[in-house]
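Visitor: Got a structure for you, questions after.
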Amino acid sequence: MNVAEALNIPALAGCGIIAGIDGKENEILHVNMMDAPDISNYLKPNELLVTTAYHVKDDPQLLLDLIVAMDEKGCAALGIKTQRFLMEVPKEVKALADKLKFPVIELPIETSLGDIVNQTLSSILDKRTDELRFALDTHKQFSDHIMSGKGIQKLLLHLTELIRYPVVLVDPYGKAIASSEKSDAISEVINNFYSNSLSAYFPKTSFFTFSTIVARQTYTVSSVYTYEKIAGYLIIFGHVRPDYHAEMLTLEQAANVISFELMKENALKQYERRIRNEFFFHFTEDRFSSDQEALNRAKEFALPSDSYYLCAIGKVDKLGSTKSFTSNQRKMDTIYEFMEEELDSSSLSTHLFTRGDLVVLLFEADSVNIEMNTVSTEALAILQTKISDRFDHLLSFGISNLARGFIQVKASVTEAQDALKAGQLAGKKGFMQYYQTKDVLELLRMLPKNDLKDFYHHTLKDLAKPTQHDRQTLLQTLFVYLESHCQISETAKQLYVHRNTVVYRLEKCEEIIGHPLTDPDFSLRVRLALRMQTILEL
């Protein structure tokens, strides 16, 4: 209830605003009565203060100070009973009230302050009761929309009828989920929000407004929460004022019902993801009794047996050692969910799976397409850019050769993992590494793992147990040095360190191994040992 509405209360009948009329829409939430000179210490925002002015009748400056204090605290208005102790409100007080747009109400002498306080509070409570009843009715209407299967689209349409503004529901990244109206103007605005990543600058509050300079349009945003995180935003194409309680309650109820619907949809998606990931894990680990069984199961997930597939395995580069495993996993899940949404909206036929901290992408084609590598590379590059912009993290990919048929995807997964591992060993970040068939590596795969382990540990000695961070750094430096044809400058360039640092690390490696790297036969043994890392999964 605002000041203008309060004047319709019977106890305030005949009252008028004698100063500060521009503040007549100030909201009244509390009512207080002045009974001491230090009342300003106990005032609250949106409070109506009524007084006989007994304590300020002899000193107009006290009344001026009171109005300033009330305005600073965000009070609604001051009601003064004249013709009792204060015959009239001084001109300087009225001038100050007009300047501050702070309403001063002249109260009738025949009505007691107690009646004014009681009737005003009663009117506020009645209004709140009506608003709560309206909120319950609105919540029931919105819930009926969802429970009857009409979906979020119909709910937004009903919401628009209630608040008289178009409404669009977007995901946390600003991509449209549903809209109450379909028009080119609305689509253009939402696409502009998404392409410019405006949602990344939204404050972490449940309700806020902002305006665009060019279009001179004000937007109201209500956040939709699930599991204590923002699952989306309701963007209203208009200004909904916080003191308009009916509209605010309507938005709150809409956001609550939508949050439950999004939680239900998310639970279904999580279930489908888990089933899909379990299938892919069993497939790549040869858990099916036959290839035919794997192909039959693949059909359930829209994976044709005779299509061509390109596999890309991605990993987020170092989320941060200071965060817990759980928070890192949640961050990765959020990034991979974003990738899935992006790929769903693209023209490429892509299947996404996750395995721990890795994401597996299968690009599908009906036939051998010369441009498939180019198109998939462009799609991965776009993903890397968007994830870097939105999450401030780098994403690296290992990319396989083309698989002719779904059964060959198992080999493609291994190729993509090898390519990713090779890029990581080379010290790259945010890279795309293509798999290149290495005859030596294929030969090494044919040898027993125990023999490979013996050779690996015998060659690298203590470097084969990089339990400390400096040992891992030495191994990486040694790998890049040998892969760079023993060029120290090139090694320093790839590792982003000074060449003297490379020299020092190589000397340290020779000291630990106990053999000079300049010996051609021994350097070959070291290169073979480092290649075995991929096979031994060290």
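Chain labels A, B, ... are given in the sequence in which chains occur in the structure tokens; within each chain residues are numbered consecutively from 1, and ligands are likewise numbered from 1 in the order shown.
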Could you give me, as a list in words, the residues within 10 Å of Asn500 of chain A, counting only C-alpha atoms and dropping anything in the same chain fewer than 5 positions from it?
Guide: Ile488, Ser489, Ala492, Arg505 and Leu506 of chain A
Visitor: Name all residues at most 8 Å from segment 262-275 of chain A (count only C-alpha atoms; drop same-chain ones fewer than 5 positions away) and give them as number ranges by chain.
Guide: A: 226, 231, 353
Visitor: Could you list, as an MDAnalysis selection string, every residue within 6 Å of segment 19-24 of chain A, counting only C-alpha atoms and ignoring same-chain residues fewer than 6 positions away?
Guide: chainID A and resid 3:4 94 97:98 101:104
Visitor: Might you pull out every residue within 7 Å of segment 108-116 of chain A, with only C-alpha atoms counted and same-chain residues fewer than 3 positions away left off, and present them as a PDB file with N, CA and C atoms, in the first residue's frame?
Guide:
```
ATOM      1  N   ALA A  11      -9.858   6.332   8.842  1.00  0.00           N
ATOM      2  CA  ALA A  11      -9.218   7.153   9.879  1.00  0.00           C
ATOM      3  C   ALA A  11      -8.462   8.325   9.282  1.00  0.00           C
ATOM      4  N   LEU A  12      -8.106   8.245   7.996  1.00  0.00           N
ATOM      5  CA  LEU A  12      -7.367   9.328   7.343  1.00  0.00           C
ATOM      6  C   LEU A  12      -8.263  10.114   6.382  1.00  0.00           C
ATOM      7  N   CYS A  15      -7.746  13.833   5.071  1.00  0.00           N
ATOM      8  CA  CYS A  15      -6.340  14.226   5.158  1.00  0.00           C
ATOM      9  C   CYS A  15      -5.821  14.574   3.757  1.00  0.00           C
ATOM     10  N   VAL A  50       3.423   8.789  12.537  1.00  0.00           N
ATOM     11  CA  VAL A  50       2.395   9.786  12.881  1.00  0.00           C
ATOM     12  C   VAL A  50       2.766  10.419  14.212  1.00  0.00           C
ATOM     13  N   LYS A  81      -0.317  15.861  13.192  1.00  0.00           N
ATOM     14  CA  LYS A  81      -1.620  16.369  13.629  1.00  0.00           C
ATOM     15  C   LYS A  81      -1.463  17.852  13.986  1.00  0.00           C
ATOM     16  N   THR A  82      -1.989  18.707  13.132  1.00  0.00           N
ATOM     17  CA  THR A  82      -1.924  20.157  13.375  1.00  0.00           C
ATOM     18  C   THR A  82      -3.119  20.608  14.216  1.00  0.00           C
ATOM     19  N   GLN A  83      -3.115  21.864  14.555  1.00  0.00           N
ATOM     20  CA  GLN A  83      -4.182  22.469  15.376  1.00  0.00           C
ATOM     21  C   GLN A  83      -4.222  21.867  16.778  1.00  0.00           C
ATOM     22  N   ARG A  84      -3.116  21.239  17.181  1.00  0.00           N
ATOM     23  CA  ARG A  84      -3.040  20.707  18.538  1.00  0.00           C
ATOM     24  C   ARG A  84      -1.895  21.379  19.265  1.00  0.00           C
ATOM     25  N   GLN A 119      -5.988   1.285  12.144  1.00  0.00           N
ATOM     26  CA  GLN A 119      -6.667   1.119  10.863  1.00  0.00           C
ATOM     27  C   GLN A 119      -5.670   0.962   9.702  1.00  0.00           C
ATOM     28  N   THR A 120      -4.568   1.688   9.793  1.00  0.00           N
ATOM     29  CA  THR A 120      -3.555   1.563   8.733  1.00  0.00           C
ATOM     30  C   THR A 120      -2.934   0.177   8.736  1.00  0.00           C
TER      31      THR A 120
END
```
Visitor: Please provide as a compact mmCIF listing (two decimals) with N, CA and C atoms, in the first residue's frame all residues within 12 Å of Glu511 of chain A, with the sequence filter that same-chain residues fewer than 4 positions apart are discarded (counting only C-alpha atoms).
Guide:
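selection01.txt, freshly written:
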```txt
# COMPACT_ATOMS: atom_id res chain seq x y z
N LEU A 460 64.43 -45.58 -17.38
CA LEU A 460 64.25 -44.26 -16.76
C LEU A 460 64.60 -44.22 -15.28
N LYS A 461 64.78 -45.39 -14.69
CA LYS A 461 65.16 -45.50 -13.27
C LYS A 461 64.23 -44.66 -12.39
N ASP A 462 64.75 -43.74 -11.59
CA ASP A 462 63.90 -42.98 -10.66
C ASP A 462 62.94 -42.03 -11.37
N LEU A 463 63.25 -41.67 -12.60
CA LEU A 463 62.31 -40.83 -13.35
C LEU A 463 61.02 -41.59 -13.67
N LEU A 474 60.43 -32.91 -15.21
CA LEU A 474 61.62 -33.43 -15.90
C LEU A 474 61.23 -34.40 -17.02
N TYR A 504 69.26 -27.06 -17.79
CA TYR A 504 69.35 -27.50 -16.38
C TYR A 504 68.53 -28.78 -16.17
N ARG A 505 67.33 -28.81 -16.72
CA ARG A 505 66.46 -29.98 -16.53
C ARG A 505 67.05 -31.22 -17.20
N LEU A 506 67.62 -31.04 -18.39
CA LEU A 506 68.22 -32.18 -19.08
C LEU A 506 69.42 -32.73 -18.32
N GLU A 507 70.23 -31.82 -17.75
CA GLU A 507 71.36 -32.26 -16.93
C GLU A 507 70.86 -33.03 -15.70
N HIS A 515 73.18 -41.71 -17.31
CA HIS A 515 73.70 -41.99 -18.65
C HIS A 515 73.49 -40.74 -19.50
N PRO A 516 74.47 -40.37 -20.35
CA PRO A 516 74.33 -39.16 -21.17
C PRO A 516 73.27 -39.35 -22.26
N LEU A 517 72.52 -38.30 -22.49
CA LEU A 517 71.48 -38.34 -23.53
C LEU A 517 72.07 -38.20 -24.92
```
Visitor: Run DSSP on the backbone of this structure and report the residues of segment 226-283 of chain A it assigns to strand (DSSP E), as a list in words.
Guide: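 Reading the DSSP output for segment 226-283 of chain A, strand (DSSP E) covers Thr226, Lys229, Ile230, Ala231, Gly232, Tyr233, Leu234, Ile235 and Ile236 of chain A.
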Visitor: Just list as a PyMOL selection string whatever in segment 25-158 of chain A DSSP marks as alpha helix (DSSP H).
Guide: chain A and resi 60-72+91-100+113-147+151-158
Visitor: How would the residues just picked look written out with C-alpha atoms as a PDB file, in the first residue's frame?
Guide:
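The resulting file, part.pdb, is reproduced below:
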```
ATOM      1  CA  PRO A  60      11.332  23.895  13.771  1.00  0.00           C
ATOM      2  CA  GLN A  61      14.924  22.752  13.248  1.00  0.00           C
ATOM      3  CA  LEU A  62      14.117  19.476  15.033  1.00  0.00           C
ATOM      4  CA  LEU A  63      11.339  18.835  12.544  1.00  0.00           C
ATOM      5  CA  LEU A  64      13.706  19.554   9.663  1.00  0.00           C
ATOM      6  CA  ASP A  65      16.241  17.116  11.123  1.00  0.00           C
ATOM      7  CA  LEU A  66      13.499  14.492  11.556  1.00  0.00           C
ATOM      8  CA  ILE A  67      12.449  14.721   7.891  1.00  0.00           C
ATOM      9  CA  VAL A  68      16.082  14.420   6.732  1.00  0.00           C
ATOM     10  CA  ALA A  69      16.625  11.370   8.973  1.00  0.00           C
ATOM     11  CA  MET A  70      13.415   9.722   7.753  1.00  0.00           C
ATOM     12  CA  ASP A  71      14.316  10.309   4.122  1.00  0.00           C
ATOM     13  CA  GLU A  72      17.778   8.814   4.633  1.00  0.00           C
ATOM     14  CA  LYS A  91       7.220  26.869   5.307  1.00  0.00           C
ATOM     15  CA  GLU A  92      10.853  25.761   5.482  1.00  0.00           C
ATOM     16  CA  VAL A  93       9.693  22.260   6.450  1.00  0.00           C
ATOM     17  CA  LYS A  94       7.346  22.121   3.454  1.00  0.00           C
ATOM     18  CA  ALA A  95      10.113  23.364   1.161  1.00  0.00           C
ATOM     19  CA  LEU A  96      12.483  20.671   2.397  1.00  0.00           C
ATOM     20  CA  ALA A  97       9.821  17.963   1.981  1.00  0.00           C
ATOM     21  CA  ASP A  98       9.141  19.097  -1.601  1.00  0.00           C
ATOM     22  CA  LYS A  99      12.853  19.058  -2.347  1.00  0.00           C
ATOM     23  CA  LEU A 100      13.311  15.530  -0.954  1.00  0.00           C
ATOM     24  CA  LEU A 113      -3.286   8.590  16.552  1.00  0.00           C
ATOM     25  CA  GLY A 114      -4.149   5.134  17.903  1.00  0.00           C
ATOM     26  CA  ASP A 115      -7.061   4.803  15.470  1.00  0.00           C
ATOM     27  CA  ILE A 116      -4.836   5.903  12.603  1.00  0.00           C
ATOM     28  CA  VAL A 117      -2.171   3.350  13.498  1.00  0.00           C
ATOM     29  CA  ASN A 118      -4.650   0.503  14.016  1.00  0.00           C
ATOM     30  CA  GLN A 119      -6.667   1.119  10.863  1.00  0.00           C
ATOM     31  CA  THR A 120      -3.555   1.563   8.733  1.00  0.00           C
ATOM     32  CA  LEU A 121      -2.011  -1.671  10.016  1.00  0.00           C
ATOM     33  CA  SER A 122      -5.318  -3.458   9.501  1.00  0.00           C
ATOM     34  CA  SER A 123      -5.502  -2.195   5.933  1.00  0.00           C
ATOM     35  CA  ILE A 124      -1.908  -3.336   5.280  1.00  0.00           C
ATOM     36  CA  LEU A 125      -2.693  -6.803   6.672  1.00  0.00           C
ATOM     37  CA  ASP A 126      -5.869  -7.054   4.570  1.00  0.00           C
ATOM     38  CA  LYS A 127      -3.899  -6.142   1.473  1.00  0.00           C
ATOM     39  CA  ARG A 128      -1.229  -8.706   2.311  1.00  0.00           C
ATOM     40  CA  THR A 129      -3.905 -11.361   2.840  1.00  0.00           C
ATOM     41  CA  ASP A 130      -5.403 -10.615  -0.567  1.00  0.00           C
ATOM     42  CA  GLU A 131      -1.960 -10.810  -2.150  1.00  0.00           C
ATOM     43  CA  LEU A 132      -1.219 -14.159  -0.515  1.00  0.00           C
ATOM     44  CA  ARG A 133      -4.579 -15.522  -1.627  1.00  0.00           C
ATOM     45  CA  PHE A 134      -3.822 -14.293  -5.134  1.00  0.00           C
ATOM     46  CA  ALA A 135      -0.388 -15.945  -4.967  1.00  0.00           C
ATOM     47  CA  LEU A 136      -1.929 -19.300  -3.957  1.00  0.00           C
ATOM     48  CA  ASP A 137      -4.477 -19.111  -6.765  1.00  0.00           C
ATOM     49  CA  THR A 138      -1.761 -18.205  -9.263  1.00  0.00           C
ATOM     50  CA  HIS A 139       0.471 -21.039  -8.068  1.00  0.00           C
ATOM     51  CA  LYS A 140      -2.420 -23.476  -8.497  1.00  0.00           C
ATOM     52  CA  GLN A 141      -3.096 -22.229 -12.043  1.00  0.00           C
ATOM     53  CA  PHE A 142       0.569 -22.541 -13.008  1.00  0.00           C
ATOM     54  CA  SER A 143       0.832 -25.987 -11.403  1.00  0.00           C
ATOM     55  CA  ASP A 144      -2.265 -27.142 -13.293  1.00  0.00           C
ATOM     56  CA  HIS A 145      -0.580 -26.074 -16.553  1.00  0.00           C
ATOM     57  CA  ILE A 146       2.419 -28.279 -15.802  1.00  0.00           C
ATOM     58  CA  MET A 147       0.538 -31.218 -14.279  1.00  0.00           C
ATOM     59  CA  GLY A 151       4.233 -27.450 -20.614  1.00  0.00           C
ATOM     60  CA  ILE A 152       6.251 -24.328 -19.961  1.00  0.00           C
ATOM     61  CA  GLN A 153       5.114 -22.668 -23.196  1.00  0.00           C
ATOM     62  CA  LYS A 154       1.464 -22.452 -22.033  1.00  0.00           C
ATOM     63  CA  LEU A 155       2.559 -21.343 -18.587  1.00  0.00           C
ATOM     64  CA  LEU A 156       4.501 -18.414 -20.055  1.00  0.00           C
ATOM     65  CA  LEU A 157       1.490 -17.501 -22.183  1.00  0.00           C
ATOM     66  CA  HIS A 158      -0.686 -17.358 -19.055  1.00  0.00           C
TER      67      HIS A 158
END
```
Visitor: When you look at segment 295-308 of chain A with a cut-off of 6 Å (counting only C-alpha atoms), what residues show up, excluding the ones that are within fewer than 2 positions of it in the same chain? I need them as a ChimeraX atom specification.
Guide: /A:292-293,364-366,403-406
Visitor: The selected residues should be written to file as a PDB file, in the first residue's frame (atoms: N, CA and C atoms).
Guide:
```
ATOM      1  N   GLN A 292      27.359 -58.328 -32.535  1.00  0.00           N
ATOM      2  CA  GLN A 292      25.960 -58.164 -32.920  1.00  0.00           C
ATOM      3  C   GLN A 292      25.137 -57.625 -31.764  1.00  0.00           C
ATOM      4  N   GLU A 293      25.418 -58.093 -30.554  1.00  0.00           N
ATOM      5  CA  GLU A 293      24.704 -57.572 -29.381  1.00  0.00           C
ATOM      6  C   GLU A 293      24.995 -56.083 -29.200  1.00  0.00           C
ATOM      7  N   GLU A 364      28.919 -38.165 -36.659  1.00  0.00           N
ATOM      8  CA  GLU A 364      28.389 -39.209 -37.532  1.00  0.00           C
ATOM      9  C   GLU A 364      28.152 -38.678 -38.941  1.00  0.00           C
ATOM     10  N   ALA A 365      28.418 -39.509 -39.937  1.00  0.00           N
ATOM     11  CA  ALA A 365      28.140 -39.171 -41.337  1.00  0.00           C
ATOM     12  C   ALA A 365      27.640 -40.414 -42.051  1.00  0.00           C
ATOM     13  N   ASP A 366      26.726 -40.231 -43.008  1.00  0.00           N
ATOM     14  CA  ASP A 366      26.156 -41.366 -43.738  1.00  0.00           C
ATOM     15  C   ASP A 366      27.156 -41.986 -44.705  1.00  0.00           C
ATOM     16  N   ALA A 403      36.296 -43.771 -38.580  1.00  0.00           N
ATOM     17  CA  ALA A 403      35.926 -45.169 -38.359  1.00  0.00           C
ATOM     18  C   ALA A 403      34.841 -45.567 -39.351  1.00  0.00           C
ATOM     19  N   ARG A 404      35.049 -46.651 -40.048  1.00  0.00           N
ATOM     20  CA  ARG A 404      34.075 -47.145 -41.037  1.00  0.00           C
ATOM     21  C   ARG A 404      33.177 -48.179 -40.376  1.00  0.00           C
ATOM     22  N   GLY A 405      32.101 -47.725 -39.782  1.00  0.00           N
ATOM     23  CA  GLY A 405      31.197 -48.604 -39.054  1.00  0.00           C
ATOM     24  C   GLY A 405      31.340 -48.423 -37.558  1.00  0.00           C
ATOM     25  N   PHE A 406      30.235 -48.682 -36.833  1.00  0.00           N
ATOM     26  CA  PHE A 406      30.237 -48.416 -35.397  1.00  0.00           C
ATOM     27  C   PHE A 406      31.210 -49.307 -34.635  1.00  0.00           C
TER      28      PHE A 406
END
```
Visitor: Go ahead and compute the interatomic distance for atom CA of Val224 of chain A and atom CA of Glu342 of chain A, in Å to one decimal.
Guide: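 Separation of atom CA of Val224 of chain A and atom CA of Glu342 of chain A: 20.7 Å.
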Visitor: What's around segment 186-189 of chain A at 12 Å? Count only C-alpha atoms, leave out sequence neighbours fewer than 2 positions away in its own chain, and write the answer as a PDB file with C-alpha atoms, in the first residue's frame.
Guide:
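Wrote it out as result.pdb, contents follow:
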```pdb
ATOM      1  CA  TYR A 165       4.411  -8.200 -20.924  1.00  0.00           C
ATOM      2  CA  PRO A 166       6.017 -10.807 -23.214  1.00  0.00           C
ATOM      3  CA  VAL A 167       8.129 -13.355 -21.323  1.00  0.00           C
ATOM      4  CA  VAL A 168      11.021 -15.557 -22.454  1.00  0.00           C
ATOM      5  CA  LEU A 169      12.632 -18.358 -20.440  1.00  0.00           C
ATOM      6  CA  VAL A 170      16.362 -18.760 -21.147  1.00  0.00           C
ATOM      7  CA  GLY A 174      21.079 -17.020 -22.279  1.00  0.00           C
ATOM      8  CA  LYS A 175      19.778 -19.507 -24.865  1.00  0.00           C
ATOM      9  CA  ALA A 176      15.990 -19.458 -25.289  1.00  0.00           C
ATOM     10  CA  ILE A 177      14.078 -22.436 -23.839  1.00  0.00           C
ATOM     11  CA  ALA A 178      10.497 -21.206 -24.315  1.00  0.00           C
ATOM     12  CA  SER A 179       8.700 -17.962 -25.125  1.00  0.00           C
ATOM     13  CA  SER A 180       5.183 -16.618 -24.607  1.00  0.00           C
ATOM     14  CA  GLU A 181       5.268 -15.023 -28.057  1.00  0.00           C
ATOM     15  CA  LYS A 182       7.004 -15.832 -31.311  1.00  0.00           C
ATOM     16  CA  SER A 183       8.190 -12.729 -33.116  1.00  0.00           C
ATOM     17  CA  ASP A 184      11.301 -11.703 -34.998  1.00  0.00           C
ATOM     18  CA  ASN A 191      19.832 -14.045 -29.768  1.00  0.00           C
ATOM     19  CA  ASN A 192      21.720 -10.818 -29.132  1.00  0.00           C
ATOM     20  CA  PHE A 193      21.772 -11.560 -25.384  1.00  0.00           C
ATOM     21  CA  TYR A 194      23.106 -15.040 -26.093  1.00  0.00           C
ATOM     22  CA  SER A 195      25.702 -14.123 -28.711  1.00  0.00           C
ATOM     23  CA  ASN A 196      27.120 -11.376 -26.471  1.00  0.00           C
ATOM     24  CA  LEU A 198      25.083 -11.026 -21.406  1.00  0.00           C
ATOM     25  CA  THR A 212      19.457  -1.180 -23.168  1.00  0.00           C
ATOM     26  CA  VAL A 214      20.109   1.645 -28.156  1.00  0.00           C
ATOM     27  CA  ALA A 215      16.604   0.164 -28.006  1.00  0.00           C
ATOM     28  CA  GLN A 217      13.947  -0.951 -23.536  1.00  0.00           C
ATOM     29  CA  TYR A 219      13.845  -5.661 -19.012  1.00  0.00           C
ATOM     30  CA  ILE A 235      13.190 -12.274 -19.025  1.00  0.00           C
ATOM     31  CA  ILE A 236      10.187  -9.939 -19.056  1.00  0.00           C
ATOM     32  CA  PHE A 237      10.049  -7.378 -21.840  1.00  0.00           C
TER      33      PHE A 237
END
```
Visitor: Would you please work out which residue, of A:Ala411, A:Asn373, A:His393, A:Glu106, is nearest to Tyr434 of chain A when using only C-alpha atoms?
Guide: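 Closest candidate: A:Asn373.
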Visitor: Have a look at atom CA of Ala185 of chain A and atom CA of Ala200 of chain A and let me know their distance in Å, one decimal.
Guide: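 Interatomic distance here is 22.2 Å.
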Visitor: Restricting the calculation to only C-alpha atoms, which member of A:Ile17, A:Val503, A:Leu107, A:Met339 is positioned closest to Gln487 of chain A?
Guide: A:Val503
Visitor: Expressed in Å to a single decimal, how great is the separation between atom CA of Glu341 of chain A and atom CA of Lys386 of chain A?
Guide: 12.2 Å
